[in-house]
file protein00.cif (mmCIF, C-alpha atoms)
data_query
loop_
_atom_site.group_PDB
_atom_site.id
_atom_site.type_symbol
_atom_site.label_atom_id
_atom_site.label_comp_id
_atom_site.auth_asym_id
_atom_site.auth_seq_id
_atom_site.Cartn_x
_atom_site.Cartn_y
_atom_site.Cartn_z
ATOM 1 C CA MET A 1 -6.343 -28.197 -41.382
ATOM 2 C CA SER A 2 -7.369 -25.701 -44.089
ATOM 3 C CA ARG A 3 -4.754 -23.684 -45.924
ATOM 4 C CA PRO A 4 -4.957 -19.889 -45.393
ATOM 5 C CA GLU A 5 -5.167 -19.440 -49.179
ATOM 6 C CA GLU A 6 -8.455 -21.383 -49.204
ATOM 7 C CA LEU A 7 -10.096 -19.419 -46.379
ATOM 8 C CA ALA A 8 -9.960 -15.814 -47.581
ATOM 9 C CA PRO A 9 -7.937 -13.391 -49.748
ATOM 10 C CA PRO A 10 -4.638 -12.391 -48.074
ATOM 11 C CA GLU A 11 -5.731 -8.813 -47.346
ATOM 12 C CA VAL A 12 -8.776 -10.225 -45.527
ATOM 13 C CA PHE A 13 -7.168 -13.233 -43.855
ATOM 14 C CA TYR A 14 -4.303 -11.185 -42.400
ATOM 15 C CA ASN A 15 -6.437 -8.759 -40.413
ATOM 16 C CA ASP A 16 -5.232 -6.938 -37.275
ATOM 17 C CA ASN A 17 -5.684 -9.979 -35.045
ATOM 18 C CA GLU A 18 -4.029 -12.484 -37.404
ATOM 19 C CA SER A 19 -1.183 -10.078 -38.214
ATOM 20 C CA ASN A 20 -0.436 -9.614 -34.524
ATOM 21 C CA LYS A 21 -0.447 -13.385 -33.857
ATOM 22 C CA TYR A 22 1.774 -14.022 -36.872
ATOM 23 C CA THR A 23 4.325 -11.348 -35.976
ATOM 24 C CA THR A 24 4.607 -12.077 -32.243
ATOM 25 C CA SER A 25 4.773 -15.883 -32.498
ATOM 26 C CA THR A 26 8.303 -17.055 -31.645
ATOM 27 C CA ARG A 27 7.687 -20.212 -33.690
ATOM 28 C CA VAL A 28 6.804 -18.193 -36.792
ATOM 29 C CA GLN A 29 9.780 -15.889 -36.238
ATOM 30 C CA HIS A 30 12.121 -18.885 -36.063
ATOM 31 C CA ILE A 31 10.689 -20.502 -39.211
ATOM 32 C CA GLN A 32 10.730 -17.218 -41.148
ATOM 33 C CA ALA A 33 14.334 -16.540 -40.153
ATOM 34 C CA LYS A 34 15.421 -20.053 -41.149
ATOM 35 C CA MET A 35 13.722 -19.862 -44.567
ATOM 36 C CA THR A 36 15.025 -16.341 -45.232
ATOM 37 C CA LEU A 37 18.596 -17.376 -44.429
ATOM 38 C CA ARG A 38 18.222 -20.363 -46.764
ATOM 39 C CA ALA A 39 16.857 -18.116 -49.529
ATOM 40 C CA LEU A 40 19.785 -15.726 -49.106
ATOM 41 C CA GLU A 41 22.210 -18.658 -49.219
ATOM 42 C CA LEU A 42 20.750 -19.640 -52.600
ATOM 43 C CA LEU A 43 20.663 -16.017 -53.746
ATOM 44 C CA ASN A 44 24.384 -15.575 -53.059
ATOM 45 C CA ILE A 45 24.637 -11.780 -53.470
ATOM 46 C CA PRO A 46 27.182 -9.353 -51.983
ATOM 47 C CA SER A 47 26.281 -7.293 -48.911
ATOM 48 C CA ASN A 48 24.697 -3.859 -49.326
ATOM 49 C CA SER A 49 22.670 -5.033 -52.341
ATOM 50 C CA PHE A 50 19.295 -3.443 -53.101
ATOM 51 C CA VAL A 51 16.715 -6.200 -52.549
ATOM 52 C CA LEU A 52 12.958 -6.363 -53.146
ATOM 53 C CA ASP A 53 11.026 -8.378 -50.539
ATOM 54 C CA ILE A 54 7.767 -9.584 -52.133
ATOM 55 C CA GLY A 55 5.025 -10.401 -49.634
ATOM 56 C CA CYS A 56 7.107 -8.791 -46.896
ATOM 57 C CA GLY A 57 4.313 -8.854 -44.290
ATOM 58 C CA SER A 58 5.385 -7.140 -41.082
ATOM 59 C CA GLY A 59 9.064 -7.244 -42.024
ATOM 60 C CA LEU A 60 10.271 -10.471 -40.371
ATOM 61 C CA SER A 61 12.328 -11.471 -43.406
ATOM 62 C CA GLY A 62 13.390 -7.865 -43.945
ATOM 63 C CA GLU A 63 15.017 -7.810 -40.514
ATOM 64 C CA ILE A 64 17.267 -10.685 -41.595
ATOM 65 C CA LEU A 65 18.203 -8.772 -44.756
ATOM 66 C CA THR A 66 19.276 -5.804 -42.649
ATOM 67 C CA GLU A 67 20.821 -7.402 -39.577
ATOM 68 C CA GLU A 68 22.588 -10.420 -41.050
ATOM 69 C CA TYR A 69 23.726 -9.125 -44.451
ATOM 70 C CA GLY A 70 23.441 -5.335 -44.382
ATOM 71 C CA HIS A 71 21.189 -5.202 -47.456
ATOM 72 C CA ILE A 72 19.048 -2.205 -48.352
ATOM 73 C CA TRP A 73 15.524 -3.399 -49.017
ATOM 74 C CA CYS A 74 12.036 -2.415 -50.055
ATOM 75 C CA GLY A 75 9.013 -4.544 -49.196
ATOM 76 C CA VAL A 76 5.605 -4.912 -50.858
ATOM 77 C CA ASP A 77 2.538 -6.589 -49.386
ATOM 78 C CA ILE A 78 -1.221 -6.531 -49.972
ATOM 79 C CA SER A 79 -2.261 -6.625 -46.299
ATOM 80 C CA PRO A 80 -2.704 -3.169 -44.680
ATOM 81 C CA SER A 81 -2.634 -4.751 -41.224
ATOM 82 C CA MET A 82 0.686 -6.494 -41.878
ATOM 83 C CA LEU A 83 2.244 -3.285 -43.208
ATOM 84 C CA ALA A 84 0.927 -1.301 -40.241
ATOM 85 C CA LYS A 85 2.526 -3.845 -37.932
ATOM 86 C CA GLY A 86 5.808 -3.386 -39.778
ATOM 87 C CA LEU A 87 5.618 0.393 -39.380
ATOM 88 C CA THR A 88 4.924 -0.026 -35.668
ATOM 89 C CA ARG A 89 8.004 -2.225 -35.358
ATOM 90 C CA GLU A 90 10.056 0.446 -37.199
ATOM 91 C CA VAL A 91 11.698 -1.913 -39.663
ATOM 92 C CA GLU A 92 14.578 -0.519 -41.712
ATOM 93 C CA GLY A 93 13.119 -1.101 -45.175
ATOM 94 C CA ASP A 94 10.598 0.975 -47.111
ATOM 95 C CA LEU A 95 7.109 -0.555 -47.170
ATOM 96 C CA MET A 96 4.528 -0.341 -49.952
ATOM 97 C CA MET A 97 1.014 -1.754 -50.326
ATOM 98 C CA GLN A 98 0.723 -3.615 -53.614
ATOM 99 C CA ASP A 99 -1.057 -6.655 -55.040
ATOM 100 C CA MET A 100 1.746 -8.670 -56.659
ATOM 101 C CA GLY A 101 -0.825 -10.187 -59.024
ATOM 102 C CA GLN A 102 -1.176 -6.727 -60.573
ATOM 103 C CA GLY A 103 2.545 -6.545 -61.302
ATOM 104 C CA VAL A 104 5.708 -5.122 -59.756
ATOM 105 C CA PRO A 105 5.468 -1.306 -60.107
ATOM 106 C CA PHE A 106 9.096 -0.212 -60.178
ATOM 107 C CA ARG A 107 11.392 1.221 -62.818
ATOM 108 C CA ALA A 108 13.262 -1.202 -65.045
ATOM 109 C CA GLY A 109 16.531 -2.426 -63.557
ATOM 110 C CA THR A 110 15.851 -1.058 -60.063
ATOM 111 C CA PHE A 111 16.822 -4.061 -57.912
ATOM 112 C CA ASP A 112 19.914 -6.240 -57.646
ATOM 113 C CA ALA A 113 17.832 -9.166 -56.423
ATOM 114 C CA ALA A 114 14.474 -10.161 -54.950
ATOM 115 C CA ILE A 115 13.223 -12.663 -52.394
ATOM 116 C CA SER A 116 9.802 -13.891 -51.358
ATOM 117 C CA ILE A 117 8.978 -16.006 -48.324
ATOM 118 C CA SER A 118 5.661 -17.907 -48.143
ATOM 119 C CA ALA A 119 3.833 -15.622 -50.571
ATOM 120 C CA ILE A 120 3.736 -16.472 -54.283
ATOM 121 C CA GLN A 121 1.485 -19.524 -53.818
ATOM 122 C CA TRP A 122 -1.382 -17.045 -53.261
ATOM 123 C CA LEU A 123 -1.207 -16.225 -56.995
ATOM 124 C CA CYS A 124 -2.472 -19.729 -57.815
ATOM 125 C CA TYR A 125 -5.874 -18.993 -56.231
ATOM 126 C CA ALA A 126 -8.812 -17.084 -57.732
ATOM 127 C CA ASP A 127 -10.273 -14.968 -54.925
ATOM 128 C CA THR A 128 -12.787 -13.192 -57.176
ATOM 129 C CA LYS A 129 -14.512 -14.015 -60.457
ATOM 130 C CA TYR A 130 -12.159 -11.692 -62.364
ATOM 131 C CA HIS A 131 -8.983 -13.211 -60.882
ATOM 132 C CA GLU A 132 -7.309 -15.572 -63.361
ATOM 133 C CA PRO A 133 -4.270 -17.254 -61.753
ATOM 134 C CA GLN A 134 -2.325 -17.655 -64.997
ATOM 135 C CA LYS A 135 -2.734 -13.983 -65.930
ATOM 136 C CA ARG A 136 -1.828 -12.860 -62.424
ATOM 137 C CA LEU A 137 1.282 -15.063 -62.457
ATOM 138 C CA MET A 138 2.305 -13.618 -65.829
ATOM 139 C CA ARG A 139 1.805 -10.021 -64.662
ATOM 140 C CA PHE A 140 3.875 -10.748 -61.573
ATOM 141 C CA PHE A 141 6.805 -12.434 -63.321
ATOM 142 C CA ASN A 142 6.852 -9.983 -66.243
ATOM 143 C CA GLY A 143 6.950 -7.056 -63.818
ATOM 144 C CA LEU A 144 9.579 -8.712 -61.649
ATOM 145 C CA PHE A 145 11.780 -9.516 -64.651
ATOM 146 C CA ALA A 146 11.660 -5.873 -65.733
ATOM 147 C CA SER A 147 12.382 -4.489 -62.252
ATOM 148 C CA LEU A 148 15.562 -6.570 -61.816
ATOM 149 C CA LYS A 149 18.844 -5.449 -63.321
ATOM 150 C CA LYS A 150 20.388 -7.632 -66.034
ATOM 151 C CA GLY A 151 21.530 -10.818 -64.342
ATOM 152 C CA GLY A 152 19.427 -10.046 -61.261
ATOM 153 C CA LYS A 153 18.342 -13.003 -59.146
ATOM 154 C CA PHE A 154 15.130 -14.070 -57.441
ATOM 155 C CA VAL A 155 14.589 -16.767 -54.814
ATOM 156 C CA ALA A 156 11.092 -17.562 -53.571
ATOM 157 C CA GLN A 157 10.141 -20.016 -50.838
ATOM 158 C CA PHE A 158 6.534 -21.089 -51.355
ATOM 159 C CA TYR A 159 3.955 -23.673 -50.295
ATOM 160 C CA PRO A 160 2.311 -25.243 -53.372
ATOM 161 C CA LYS A 161 -0.896 -27.166 -52.838
ATOM 162 C CA ASN A 162 -0.024 -29.704 -55.538
ATOM 163 C CA ASP A 163 2.233 -30.365 -58.539
ATOM 164 C CA ASP A 164 -0.084 -28.352 -60.780
ATOM 165 C CA HIS A 165 0.674 -25.193 -58.770
ATOM 166 C CA VAL A 166 4.407 -25.861 -59.110
ATOM 167 C CA GLU A 167 4.010 -26.275 -62.873
ATOM 168 C CA GLN A 168 1.948 -23.076 -63.185
ATOM 169 C CA ILE A 169 4.560 -21.033 -61.330
ATOM 170 C CA GLN A 170 7.547 -22.447 -63.224
ATOM 171 C CA HIS A 171 5.784 -22.090 -66.579
ATOM 172 C CA ALA A 172 4.951 -18.412 -65.976
ATOM 173 C CA ALA A 173 8.515 -17.670 -64.834
ATOM 174 C CA LYS A 174 10.006 -19.211 -67.975
ATOM 175 C CA LEU A 175 7.588 -17.383 -70.277
ATOM 176 C CA ALA A 176 8.628 -14.115 -68.643
ATOM 177 C CA GLY A 177 12.260 -14.810 -69.553
ATOM 178 C CA PHE A 178 13.717 -16.254 -66.354
ATOM 179 C CA SER A 179 16.044 -19.231 -66.315
ATOM 180 C CA GLY A 180 16.472 -21.385 -63.253
ATOM 181 C CA GLY A 181 15.004 -24.282 -61.392
ATOM 182 C CA LEU A 182 13.436 -25.669 -58.257
ATOM 183 C CA VAL A 183 15.180 -26.587 -55.007
ATOM 184 C CA ILE A 184 13.382 -28.927 -52.596
ATOM 185 C CA ASP A 185 14.764 -29.213 -49.078
ATOM 186 C CA ASP A 186 13.884 -32.356 -47.088
ATOM 187 C CA PRO A 187 11.962 -33.877 -50.027
ATOM 188 C CA GLU A 188 11.094 -37.053 -48.104
ATOM 189 C CA SER A 189 9.530 -35.186 -45.177
ATOM 190 C CA LYS A 190 5.865 -34.167 -45.343
ATOM 191 C CA LYS A 191 6.225 -31.749 -42.441
ATOM 192 C CA ASN A 192 9.574 -30.086 -43.196
ATOM 193 C CA LYS A 193 9.536 -30.186 -47.005
ATOM 194 C CA LYS A 194 10.344 -26.733 -48.440
ATOM 195 C CA TYR A 195 10.167 -25.490 -52.031
ATOM 196 C CA TYR A 196 12.512 -22.765 -53.310
ATOM 197 C CA LEU A 197 12.256 -21.272 -56.789
ATOM 198 C CA VAL A 198 15.730 -20.088 -57.874
ATOM 199 C CA LEU A 199 15.739 -17.786 -60.917
ATOM 200 C CA THR A 200 18.076 -15.527 -62.882
ATOM 201 C CA SER A 201 17.022 -12.732 -65.249
ATOM 202 C CA GLY A 202 19.393 -12.793 -68.192
ATOM 203 C CA ALA A 203 23.151 -13.250 -68.213
ATOM 204 C CA PRO A 204 25.013 -11.723 -65.238
ATOM 205 C CA SER A 205 28.007 -9.450 -65.725
ATOM 206 C CA ALA A 206 31.509 -10.785 -65.080
ATOM 207 C CA GLN A 207 31.749 -9.283 -61.587
ATOM 208 C CA ASP A 208 28.353 -10.619 -60.424
ATOM 209 C CA GLN A 209 28.236 -13.680 -58.178
ATOM 210 C CA GLN A 210 26.299 -16.668 -59.462
ATOM 211 C CA VAL A 211 23.344 -18.130 -57.616
ATOM 212 C CA ASN A 212 24.375 -20.917 -55.271
ATOM 213 C CA LEU A 213 23.803 -24.050 -57.353
ATOM 214 C CA GLU A 214 25.088 -26.667 -54.933
ATOM 215 C CA GLY A 215 22.569 -29.486 -54.974
ATOM 216 C CA VAL A 216 20.270 -27.598 -57.341
ATOM 217 C CA THR A 217 18.822 -28.985 -60.555
ATOM 218 C CA MET A 218 18.809 -26.118 -63.008
ATOM 219 C CA ASP A 219 18.040 -25.842 -66.730
ATOM 220 C CA GLU A 220 20.994 -27.025 -68.798
ATOM 221 C CA GLN A 221 21.356 -24.068 -71.144
ATOM 222 C CA GLU A 222 23.576 -25.814 -73.678
ATOM 223 C CA LYS A 223 21.088 -28.641 -74.140
ATOM 224 C CA ILE A 224 18.235 -26.172 -74.478
ATOM 225 C CA THR A 225 20.152 -24.148 -77.095
ATOM 226 C CA ASN A 226 20.996 -27.242 -79.137
ATOM 227 C CA ALA A 227 17.405 -28.465 -78.979
ATOM 228 C CA ARG A 228 16.126 -25.102 -80.179
ATOM 229 C CA ARG A 229 18.677 -25.049 -83.014
ATOM 230 C CA LYS A 230 17.588 -28.503 -84.217
ATOM 231 C CA LYS A 231 13.936 -27.516 -83.925
ATOM 232 C CA ASN A 232 14.499 -24.366 -85.977
ATOM 233 C CA GLU A 233 16.371 -26.318 -88.669
ATOM 234 C CA ARG A 234 13.338 -28.495 -89.380
ATOM 235 C CA GLU A 235 10.672 -25.826 -88.746
ATOM 236 C CA SER A 236 9.144 -23.995 -91.691
ATOM 237 C CA THR A 237 8.949 -20.198 -91.761
ATOM 238 C CA LYS A 238 5.159 -20.243 -91.398
ATOM 239 C CA ASN A 239 5.268 -22.613 -88.425
ATOM 240 C CA TYR A 240 7.939 -20.443 -86.798
ATOM 241 C CA VAL A 241 5.813 -17.299 -87.223
ATOM 242 C CA MET A 242 2.694 -19.040 -85.895
ATOM 243 C CA ARG A 243 4.604 -20.392 -82.879
ATOM 244 C CA LYS A 244 5.995 -16.947 -82.068
ATOM 245 C CA LYS A 245 2.548 -15.358 -82.362
ATOM 246 C CA GLU A 246 1.081 -17.951 -80.033
ATOM 247 C CA LEU A 247 3.874 -17.275 -77.534
ATOM 248 C CA MET A 248 3.147 -13.531 -77.643
ATOM 249 C CA LYS A 249 -0.576 -14.209 -77.103
ATOM 250 C CA ARG A 250 0.193 -16.269 -74.009
ATOM 251 C CA ARG A 251 2.301 -13.386 -72.719
ATOM 252 C CA GLY A 252 -0.672 -11.058 -73.111
ATOM 253 C CA ARG A 253 0.782 -9.133 -76.082
ATOM 254 C CA HIS A 254 -1.291 -7.810 -78.980
ATOM 255 C CA VAL A 255 -0.646 -9.643 -82.252
ATOM 256 C CA THR A 256 -2.137 -9.210 -85.733
ATOM 257 C CA HIS A 257 -4.840 -11.580 -86.908
ATOM 258 C CA ASP A 258 -3.857 -14.638 -88.918
ATOM 259 C CA SER A 259 -4.534 -14.661 -92.655
ATOM 260 C CA LYS A 260 -3.611 -16.694 -95.738
ATOM 261 C CA PHE A 261 -0.548 -14.462 -96.104
ATOM 262 C CA THR A 262 0.765 -15.163 -92.571
ATOM 263 C CA GLY A 263 4.334 -16.490 -92.728
ATOM 264 C CA ARG A 264 4.700 -16.140 -96.501
ATOM 265 C CA ARG A 265 7.918 -14.790 -97.944
ATOM 266 C CA ARG A 266 7.533 -11.592 -99.879
ATOM 267 C CA LYS A 267 8.515 -11.708 -103.526
ATOM 268 C CA PRO A 268 11.331 -9.300 -104.389
ATOM 269 C CA ARG A 269 10.325 -6.287 -106.479
ATOM 270 C CA PHE A 270 12.416 -5.348 -109.513
#

call {"tool": "encode", "arguments": {"input": "protein00.cif", "output": "structure tokens"}}
result
Amino acid sequence: MSRPEELAPPEVFYNDNESNKYTTSTRVQHIQAKMTLRALELLNIPSNSFVLDIGCGSGLSGEILTEEYGHIWCGVDISPSMLAKGLTREVEGDLMMQDMGQGVPFRAGTFDAAISISAIQWLCYADTKYHEPQKRLMRFFNGLFASLKKGGKFVAQFYPKNDDHVEQIQHAAKLAGFSGGLVIDDPESKKNKKYYLVLTSGAPSAQDQQVNLEGVTMDEQEKITNARRKKNERESTKNYVMRKKELMKRRGRHVTHDSKFTGRRRKPRF
């Protein structure tokens, strides 16, 4: 059976007919509810938080946010048919049409947290000749990082095609500044295996609740810090500058051209 991501772009695949089948299927509703509840368990945020639902579709996951936890939410999706279905169902959240591969268009620090159910794997596919998955992933995670408050959290359930897709997604998230890890439920089951990306943007304040880390393999920050310190101790100034410039290039930033003077210490003037 072909994956939806390989058949057509999401705004084309989820037309009026497919959106109606997806929204009215009791099986889909049950699966969506189960995955949303699991994502919220990992997210571990207080009620009445302001949450961004990325790839919200017709609002199935948004209903759980409202009814089970009392969250205020805003949803973005690229499919007009899915959003129209959500408006018809009169979901509580605000809905907005947006391609997540073009970024997350909200003010910095707007949201307490974000979730995404069965959506971010679409970023790993090139639907047109000008779509570059790595650039789209970077635009998404950079925009998401900015839109979350300091210490804001993001949990995404997704369906990767292979390990390369998992690596692409995790790599882009880390370059954007997120820390976190991957949770795999039922790892031995081919049918019920579920991937959850669990991320935090910066250090949370003292009153913020931590993400639920029970059974989760996360980055060990102390080990990472020590490794970086040792690396910096043996790294020359020029190599450090070149590494930082390369990092900025990968993030899509403009950097000055390299020259024979790159990384040299300036002589003091007397």

call {"tool": "atom_distance", "arguments": {"input": "protein00.cif", "atom1": "CA of Ile169 (chain A)", "atom2": "CA of Trp122 (chain A)"}}
result
10.8 Å

call {"tool": "residues_around", "arguments": {"input": "protein00.cif", "residues": "Ser49 (chain A)", "least_positions_apart": "2", "cutoff": "12 Å", "atoms": "all atoms listed in the file", "output": "list in words"}}
result
Leu40, Leu43, Asn44, Ile45, Pro46, Ser47, Val51, Leu52, Leu65, Thr66, Tyr69, Gly70, His71, Ile72, Trp73, Cys74, Thr110, Phe111, Asp112, Ala113, Ala114, Leu148, Lys149, Gly152, Lys153, Asp208 and Gln209 of chain A

call {"tool": "write_last_selection", "arguments": {"input": "protein00.cif", "atoms": "C-alpha atoms", "output": "PDB file, keeping the file's coordinate frame"}}
result
ATOM      1  CA  LEU A  40      19.785 -15.726 -49.106  1.00  0.00           C
ATOM      2  CA  LEU A  43      20.663 -16.017 -53.746  1.00  0.00           C
ATOM      3  CA  ASN A  44      24.384 -15.575 -53.059  1.00  0.00           C
ATOM      4  CA  ILE A  45      24.637 -11.780 -53.470  1.00  0.00           C
ATOM      5  CA  PRO A  46      27.182  -9.353 -51.983  1.00  0.00           C
ATOM      6  CA  SER A  47      26.281  -7.293 -48.911  1.00  0.00           C
ATOM      7  CA  VAL A  51      16.715  -6.200 -52.549  1.00  0.00           C
ATOM      8  CA  LEU A  52      12.958  -6.363 -53.146  1.00  0.00           C
ATOM      9  CA  LEU A  65      18.203  -8.772 -44.756  1.00  0.00           C
ATOM     10  CA  THR A  66      19.276  -5.804 -42.649  1.00  0.00           C
ATOM     11  CA  TYR A  69      23.726  -9.125 -44.451  1.00  0.00           C
ATOM     12  CA  GLY A  70      23.441  -5.335 -44.382  1.00  0.00           C
ATOM     13  CA  HIS A  71      21.189  -5.202 -47.456  1.00  0.00           C
ATOM     14  CA  ILE A  72      19.048  -2.205 -48.352  1.00  0.00           C
ATOM     15  CA  TRP A  73      15.524  -3.399 -49.017  1.00  0.00           C
ATOM     16  CA  CYS A  74      12.036  -2.415 -50.055  1.00  0.00           C
ATOM     17  CA  THR A 110      15.851  -1.058 -60.063  1.00  0.00           C
ATOM     18  CA  PHE A 111      16.822  -4.061 -57.912  1.00  0.00           C
ATOM     19  CA  ASP A 112      19.914  -6.240 -57.646  1.00  0.00           C
ATOM     20  CA  ALA A 113      17.832  -9.166 -56.423  1.00  0.00           C
ATOM     21  CA  ALA A 114      14.474 -10.161 -54.950  1.00  0.00           C
ATOM     22  CA  LEU A 148      15.562  -6.570 -61.816  1.00  0.00           C
ATOM     23  CA  LYS A 149      18.844  -5.449 -63.321  1.00  0.00           C
ATOM     24  CA  GLY A 152      19.427 -10.046 -61.261  1.00  0.00           C
ATOM     25  CA  LYS A 153      18.342 -13.003 -59.146  1.00  0.00           C
ATOM     26  CA  ASP A 208      28.353 -10.619 -60.424  1.00  0.00           C
ATOM     27  CA  GLN A 209      28.236 -13.680 -58.178  1.00  0.00           C
TER      28      GLN A 209
END

call {"tool": "residues_around", "arguments": {"input": "protein00.cif", "residues": "Arg89 (chain A)", "least_positions_apart": "5", "cutoff": "9 Å", "atoms": "all atoms listed in the file", "output": "compact mmCIF listing (two decimals) with C-alpha atoms, in the coordinates of the input"}}
result
# COMPACT_ATOMS: atom_id res chain seq x y z
CA SER A 58 5.38 -7.14 -41.08
CA GLY A 59 9.06 -7.24 -42.02
CA ALA A 84 0.93 -1.30 -40.24

call {"tool": "atom_distance", "arguments": {"input": "protein00.cif", "atom1": "CA of Met82 (chain A)", "atom2": "CA of Tyr14 (chain A)"}}
result
6.9 Å

call {"tool": "resolve_selection", "arguments": {"input": "protein00.cif", "expression": "the PyMOL selection byres ((chain A and resi 252-263) around 12)", "output": "number ranges by chain"}}
result
A: 134-139, 142, 172, 175-176, 235-251, 264-266
